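Shown here: my_file.txt, compact mmCIF, N, CA and C atoms.
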# COMPACT_ATOMS: atom_id res chain seq x y z
N MET A 26 22.35 -17.75 14.87
CA MET A 26 22.53 -16.33 14.96
C MET A 26 21.17 -15.64 15.04
N LEU A 27 21.08 -14.69 15.92
CA LEU A 27 19.87 -13.88 16.06
C LEU A 27 20.30 -12.46 16.32
N LYS A 28 19.78 -11.54 15.52
CA LYS A 28 20.17 -10.14 15.64
C LYS A 28 18.95 -9.27 15.42
N VAL A 29 18.67 -8.38 16.37
CA VAL A 29 17.59 -7.42 16.18
C VAL A 29 18.15 -6.29 15.33
N THR A 30 17.50 -6.06 14.18
CA THR A 30 18.01 -5.04 13.25
C THR A 30 17.18 -3.77 13.26
N LYS A 31 15.98 -3.86 13.80
CA LYS A 31 15.11 -2.67 13.81
C LYS A 31 14.12 -2.79 14.96
N PHE A 32 13.84 -1.66 15.61
CA PHE A 32 12.88 -1.61 16.71
C PHE A 32 12.03 -0.36 16.47
N VAL A 33 10.76 -0.55 16.17
CA VAL A 33 9.86 0.57 15.91
C VAL A 33 8.88 0.66 17.07
N ASP A 34 9.05 1.70 17.87
CA ASP A 34 8.22 1.88 19.06
C ASP A 34 6.96 2.66 18.70
N GLN A 35 5.86 1.94 18.63
CA GLN A 35 4.55 2.55 18.43
C GLN A 35 3.66 2.19 19.62
N SER A 36 4.30 2.13 20.80
CA SER A 36 3.59 1.69 21.99
C SER A 36 2.44 2.62 22.35
N ASP A 37 2.53 3.89 21.95
CA ASP A 37 1.41 4.78 22.20
C ASP A 37 0.19 4.38 21.36
N GLU A 38 0.42 3.61 20.31
CA GLU A 38 -0.66 3.07 19.49
C GLU A 38 -0.94 1.60 19.83
N GLY A 39 -0.20 1.07 20.80
CA GLY A 39 -0.46 -0.28 21.28
C GLY A 39 0.37 -1.37 20.65
N ALA A 40 1.48 -1.04 20.01
CA ALA A 40 2.29 -2.09 19.39
C ALA A 40 3.75 -1.66 19.27
N VAL A 41 4.59 -2.65 19.17
CA VAL A 41 6.00 -2.46 18.85
C VAL A 41 6.32 -3.45 17.75
N THR A 42 7.07 -3.01 16.76
CA THR A 42 7.50 -3.91 15.70
C THR A 42 9.00 -4.07 15.79
N ILE A 43 9.44 -5.34 15.75
CA ILE A 43 10.87 -5.59 15.70
C ILE A 43 11.16 -6.32 14.40
N GLU A 44 12.35 -6.09 13.91
CA GLU A 44 12.81 -6.80 12.73
C GLU A 44 14.07 -7.54 13.16
N ILE A 45 14.14 -8.82 12.82
CA ILE A 45 15.28 -9.62 13.23
C ILE A 45 15.95 -10.26 12.02
N GLU A 46 17.22 -10.59 12.20
CA GLU A 46 17.98 -11.35 11.23
C GLU A 46 18.27 -12.69 11.87
N THR A 47 18.01 -13.77 11.16
CA THR A 47 18.21 -15.11 11.71
C THR A 47 19.20 -15.89 10.85
N ASP A 48 19.43 -17.15 11.23
CA ASP A 48 20.36 -18.00 10.49
C ASP A 48 19.94 -18.14 9.02
N LYS A 49 18.64 -18.17 8.78
CA LYS A 49 18.14 -18.46 7.44
C LYS A 49 17.64 -17.21 6.70
N TYR A 50 17.13 -16.22 7.42
CA TYR A 50 16.51 -15.06 6.79
C TYR A 50 17.21 -13.77 7.20
N SER A 51 17.32 -12.84 6.26
CA SER A 51 17.96 -11.57 6.56
C SER A 51 17.00 -10.57 7.19
N SER A 52 15.68 -10.83 7.05
CA SER A 52 14.71 -9.90 7.62
C SER A 52 13.40 -10.61 7.94
N VAL A 53 13.08 -10.66 9.23
CA VAL A 53 11.80 -11.20 9.70
C VAL A 53 11.18 -10.14 10.59
N GLN A 54 9.95 -9.77 10.29
CA GLN A 54 9.26 -8.74 11.07
C GLN A 54 8.29 -9.39 12.04
N ILE A 55 8.32 -8.93 13.29
CA ILE A 55 7.42 -9.44 14.32
C ILE A 55 6.70 -8.25 14.95
N ASP A 56 5.38 -8.27 14.91
CA ASP A 56 4.57 -7.25 15.56
C ASP A 56 4.19 -7.75 16.94
N VAL A 57 4.49 -6.95 17.95
CA VAL A 57 4.22 -7.33 19.34
C VAL A 57 3.09 -6.45 19.85
N GLU A 58 1.95 -7.10 20.11
CA GLU A 58 0.77 -6.42 20.64
C GLU A 58 0.28 -7.22 21.84
N PRO A 59 0.44 -6.69 23.05
CA PRO A 59 0.13 -7.48 24.25
C PRO A 59 -1.31 -7.92 24.37
N ASP A 60 -2.25 -7.09 23.97
CA ASP A 60 -3.65 -7.48 24.12
C ASP A 60 -4.10 -8.44 23.03
N ALA A 61 -3.27 -8.63 22.01
CA ALA A 61 -3.61 -9.58 20.96
C ALA A 61 -2.98 -10.94 21.25
N GLY A 62 -2.24 -11.04 22.35
CA GLY A 62 -1.58 -12.30 22.68
C GLY A 62 -0.54 -12.66 21.64
N SER A 63 0.49 -11.86 21.52
CA SER A 63 1.53 -12.07 20.51
C SER A 63 2.03 -13.51 20.54
N GLU A 64 2.14 -14.07 19.37
CA GLU A 64 2.65 -15.43 19.26
C GLU A 64 3.95 -15.40 18.49
N VAL A 65 4.96 -16.02 19.04
CA VAL A 65 6.23 -16.14 18.34
C VAL A 65 6.14 -17.39 17.47
N LEU A 66 6.54 -17.26 16.23
CA LEU A 66 6.52 -18.39 15.32
C LEU A 66 7.52 -19.44 15.79
N SER A 67 7.46 -20.61 15.21
CA SER A 67 8.38 -21.67 15.59
C SER A 67 9.80 -21.36 15.12
N MET A 68 10.76 -22.07 15.69
CA MET A 68 12.16 -21.90 15.29
C MET A 68 12.30 -22.10 13.79
N LYS A 69 11.66 -23.12 13.27
CA LYS A 69 11.77 -23.45 11.85
C LYS A 69 11.19 -22.32 10.99
N GLU A 70 10.02 -21.81 11.38
CA GLU A 70 9.39 -20.73 10.61
C GLU A 70 10.24 -19.47 10.60
N LEU A 71 10.94 -19.21 11.71
CA LEU A 71 11.78 -18.02 11.81
C LEU A 71 13.17 -18.23 11.23
N GLY A 72 13.54 -19.48 10.99
CA GLY A 72 14.87 -19.77 10.46
C GLY A 72 15.96 -19.68 11.50
N ILE A 73 15.62 -20.01 12.75
CA ILE A 73 16.59 -19.98 13.85
C ILE A 73 17.07 -21.41 14.11
N ASP A 74 18.39 -21.59 14.12
CA ASP A 74 18.96 -22.92 14.35
C ASP A 74 19.24 -23.22 15.82
N SER A 75 19.47 -22.18 16.61
CA SER A 75 19.87 -22.35 18.01
C SER A 75 18.67 -22.22 18.94
N GLU A 76 18.50 -23.21 19.79
CA GLU A 76 17.42 -23.14 20.77
C GLU A 76 17.64 -22.00 21.76
N ALA A 77 18.89 -21.71 22.08
CA ALA A 77 19.20 -20.60 22.98
C ALA A 77 18.78 -19.27 22.36
N ASP A 78 19.02 -19.11 21.05
CA ASP A 78 18.60 -17.89 20.37
C ASP A 78 17.08 -17.77 20.37
N PHE A 79 16.39 -18.88 20.16
CA PHE A 79 14.93 -18.87 20.15
C PHE A 79 14.40 -18.51 21.53
N ASP A 80 14.99 -19.08 22.58
CA ASP A 80 14.59 -18.75 23.95
C ASP A 80 14.81 -17.27 24.23
N ALA A 81 15.92 -16.73 23.76
CA ALA A 81 16.21 -15.31 23.95
C ALA A 81 15.17 -14.45 23.24
N LEU A 82 14.77 -14.85 22.04
CA LEU A 82 13.75 -14.11 21.30
C LEU A 82 12.42 -14.14 22.05
N CYS A 83 12.05 -15.29 22.59
CA CYS A 83 10.81 -15.40 23.35
C CYS A 83 10.84 -14.46 24.56
N GLU A 84 11.97 -14.41 25.25
CA GLU A 84 12.12 -13.51 26.40
C GLU A 84 12.04 -12.06 25.96
N LEU A 85 12.63 -11.74 24.83
CA LEU A 85 12.57 -10.37 24.30
C LEU A 85 11.13 -9.98 24.01
N VAL A 86 10.38 -10.86 23.36
CA VAL A 86 8.98 -10.57 23.04
C VAL A 86 8.17 -10.37 24.32
N GLU A 87 8.38 -11.21 25.31
CA GLU A 87 7.67 -11.07 26.58
C GLU A 87 7.99 -9.72 27.23
N GLY A 88 9.26 -9.33 27.18
CA GLY A 88 9.66 -8.04 27.74
C GLY A 88 9.03 -6.87 27.00
N ILE A 89 8.94 -6.97 25.68
CA ILE A 89 8.32 -5.91 24.88
C ILE A 89 6.83 -5.84 25.18
N GLU A 90 6.18 -6.99 25.33
CA GLU A 90 4.75 -7.00 25.69
C GLU A 90 4.54 -6.25 27.00
N ALA A 91 5.38 -6.51 27.99
CA ALA A 91 5.27 -5.83 29.29
C ALA A 91 5.52 -4.34 29.12
N TYR A 92 6.49 -3.97 28.30
CA TYR A 92 6.78 -2.56 28.04
C TYR A 92 5.57 -1.85 27.43
N VAL A 93 4.94 -2.47 26.45
CA VAL A 93 3.79 -1.85 25.78
C VAL A 93 2.64 -1.71 26.77
N ARG A 94 2.40 -2.74 27.61
CA ARG A 94 1.34 -2.65 28.61
C ARG A 94 1.61 -1.49 29.56
N THR A 95 2.86 -1.31 29.97
CA THR A 95 3.23 -0.22 30.87
C THR A 95 2.99 1.12 30.21
N ARG A 96 3.38 1.24 28.96
CA ARG A 96 3.18 2.50 28.23
C ARG A 96 1.71 2.84 28.04
N GLN A 97 0.88 1.80 27.98
CA GLN A 97 -0.56 2.00 27.82
C GLN A 97 -1.23 2.25 29.16
N GLY A 98 -0.47 2.11 30.25
CA GLY A 98 -1.02 2.32 31.58
C GLY A 98 -1.85 1.17 32.08
N ALA A 99 -1.64 -0.02 31.51
CA ALA A 99 -2.41 -1.19 31.92
C ALA A 99 -1.83 -1.81 33.17
Any chance you could give the structure as structure tokens?
Amino acid sequence: MLKVTKFVDQSDEGAVTIEIETDKYSSVQIDVEPDAGSEVLSMKELGIDSEADFDALCELVEGIEAYVRTRQGA
């Protein structure tokens, strides 16, 4: 199970924070900053059991990185 529970758009400051709920944890916060080369933690560190959920999270982070770059005019 993977569920985004919070999305804080601070793209004008160069970042977006998402909070997710996973199989193991009720709240995991991920800061997405494109120029910092955001790294998604491993499935085990995030408490995700499904590889498909992990792949979806990676795609979400990549999309958010692109969104922040666009908002910054990069």
Shell of 9 Å around Leu71 of chain A, only C-alpha atoms, local chain residues under 3 positions omitted, as a VMD selection string | chain A and resid 47 to 50 53 65 to 68 79
Chain A: which residues are strand (DSSP E) by DSSP, as a list in words?
-> Leu27, Lys28, Val29, Thr30, Lys31, Phe32, Val33, Asp34, Gln35, Ala40, Val41, Thr42, Ile43, Glu44, Ile45, Glu46, Thr47, Val53, Gln54, Ile55, Asp56 and Val57 of chain A
With a distance cut-off of 7 Å and only N, CA and C atoms, select the neighbouring residues of Val57 of chain A, excluding the residue or stretch itself and same-chain residues fewer than 4 positions from it, and output the selection as a PDB file with N, CA and C atoms, in the frame of the given file.
ATOM      1  N   GLY A  39      -0.200   1.070  20.800  1.00  0.00           N
ATOM      2  CA  GLY A  39      -0.460  -0.280  21.280  1.00  0.00           C
ATOM      3  C   GLY A  39       0.370  -1.370  20.650  1.00  0.00           C
ATOM      4  N   ALA A  40       1.480  -1.040  20.010  1.00  0.00           N
ATOM      5  CA  ALA A  40       2.290  -2.090  19.390  1.00  0.00           C
ATOM      6  C   ALA A  40       3.750  -1.660  19.270  1.00  0.00           C
ATOM      7  N   VAL A  41       4.590  -2.650  19.170  1.00  0.00           N
ATOM      8  CA  VAL A  41       6.000  -2.460  18.850  1.00  0.00           C
ATOM      9  C   VAL A  41       6.320  -3.450  17.750  1.00  0.00           C
ATOM     10  N   THR A  42       7.070  -3.010  16.760  1.00  0.00           N
ATOM     11  CA  THR A  42       7.500  -3.910  15.700  1.00  0.00           C
ATOM     12  C   THR A  42       9.000  -4.070  15.790  1.00  0.00           C
ATOM     13  N   ILE A  43       9.440  -5.340  15.750  1.00  0.00           N
ATOM     14  CA  ILE A  43      10.870  -5.590  15.700  1.00  0.00           C
ATOM     15  C   ILE A  43      11.160  -6.320  14.400  1.00  0.00           C
ATOM     16  N   SER A  63       0.490 -11.860  21.520  1.00  0.00           N
ATOM     17  CA  SER A  63       1.530 -12.070  20.510  1.00  0.00           C
ATOM     18  C   SER A  63       2.030 -13.510  20.540  1.00  0.00           C
ATOM     19  N   VAL A  86      10.380 -10.860  23.360  1.00  0.00           N
ATOM     20  CA  VAL A  86       8.980 -10.570  23.040  1.00  0.00           C
ATOM     21  C   VAL A  86       8.170 -10.370  24.320  1.00  0.00           C
ATOM     22  N   ILE A  89       8.940  -6.970  25.680  1.00  0.00           N
ATOM     23  CA  ILE A  89       8.320  -5.910  24.880  1.00  0.00           C
ATOM     24  C   ILE A  89       6.830  -5.840  25.180  1.00  0.00           C
ATOM     25  N   GLU A  90       6.180  -6.990  25.330  1.00  0.00           N
ATOM     26  CA  GLU A  90       4.750  -7.000  25.690  1.00  0.00           C
ATOM     27  C   GLU A  90       4.540  -6.250  27.000  1.00  0.00           C
TER      28      GLU A  90
END
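Between Glu58 of chain A and the residues A:Gly98, A:Cys83, A:Val93, A:Glu70, the shortest atom-to-atom distance, using only N, CA and C atoms, involves A:Val93.
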A:Leu82, A:Arg94, A:Ala77, A:Gly88 ranked by distance to Lys28 of chain A, top pick (using only C-alpha atoms) =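 Checking each of A:Leu82, A:Arg94, A:Ala77, A:Gly88 against Lys28 of chain A, counting only C-alpha atoms, the winner is A:Leu82.
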Pick out the residues sitting within 8 Å of Asp78 of chain A, and hand them over as a list in words; count all atoms listed in the file, and ignore anything fewer than 6 positions along from it in its own chain.
->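 Near Asp78 of chain A, the qualifying residues are Met26, Leu27 and Glu84 of chain A.
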Identify, on the basis of only C-alpha atoms, every residue whose closest approach to Gln54 of chain A does not exceed 9 Å; exclude the query and any residue fewer than 2 positions from it along the same chain; express the result as a PyMOL selection string.
-> chain A and resi 31+42-45+52+56
Those selected residues, please, written with N, CA and C atoms and delivered as a PDB file, keeping the file's coordinate frame.
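Output contents, as saved in part_9.pdb:
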ATOM      1  N   LYS A  31      15.980  -3.860  13.800  1.00  0.00           N
ATOM      2  CA  LYS A  31      15.110  -2.670  13.810  1.00  0.00           C
ATOM      3  C   LYS A  31      14.120  -2.790  14.960  1.00  0.00           C
ATOM      4  N   THR A  42       7.070  -3.010  16.760  1.00  0.00           N
ATOM      5  CA  THR A  42       7.500  -3.910  15.700  1.00  0.00           C
ATOM      6  C   THR A  42       9.000  -4.070  15.790  1.00  0.00           C
ATOM      7  N   ILE A  43       9.440  -5.340  15.750  1.00  0.00           N
ATOM      8  CA  ILE A  43      10.870  -5.590  15.700  1.00  0.00           C
ATOM      9  C   ILE A  43      11.160  -6.320  14.400  1.00  0.00           C
ATOM     10  N   GLU A  44      12.350  -6.090  13.910  1.00  0.00           N
ATOM     11  CA  GLU A  44      12.810  -6.800  12.730  1.00  0.00           C
ATOM     12  C   GLU A  44      14.070  -7.540  13.160  1.00  0.00           C
ATOM     13  N   ILE A  45      14.140  -8.820  12.820  1.00  0.00           N
ATOM     14  CA  ILE A  45      15.280  -9.620  13.230  1.00  0.00           C
ATOM     15  C   ILE A  45      15.950 -10.260  12.020  1.00  0.00           C
ATOM     16  N   SER A  52      15.680 -10.830   7.050  1.00  0.00           N
ATOM     17  CA  SER A  52      14.710  -9.900   7.620  1.00  0.00           C
ATOM     18  C   SER A  52      13.400 -10.610   7.940  1.00  0.00           C
ATOM     19  N   ASP A  56       5.380  -8.270  14.910  1.00  0.00           N
ATOM     20  CA  ASP A  56       4.570  -7.250  15.560  1.00  0.00           C
ATOM     21  C   ASP A  56       4.190  -7.750  16.940  1.00  0.00           C
TER      22      ASP A  56
END
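When atom CA of Arg96 of chain A is paired with atom CA of Val29 of chain A, their separation reads 21.2 Å.
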re atom N of Asp34 of chain A and atom N of Thr95 of chain A: distance 13.9 Å
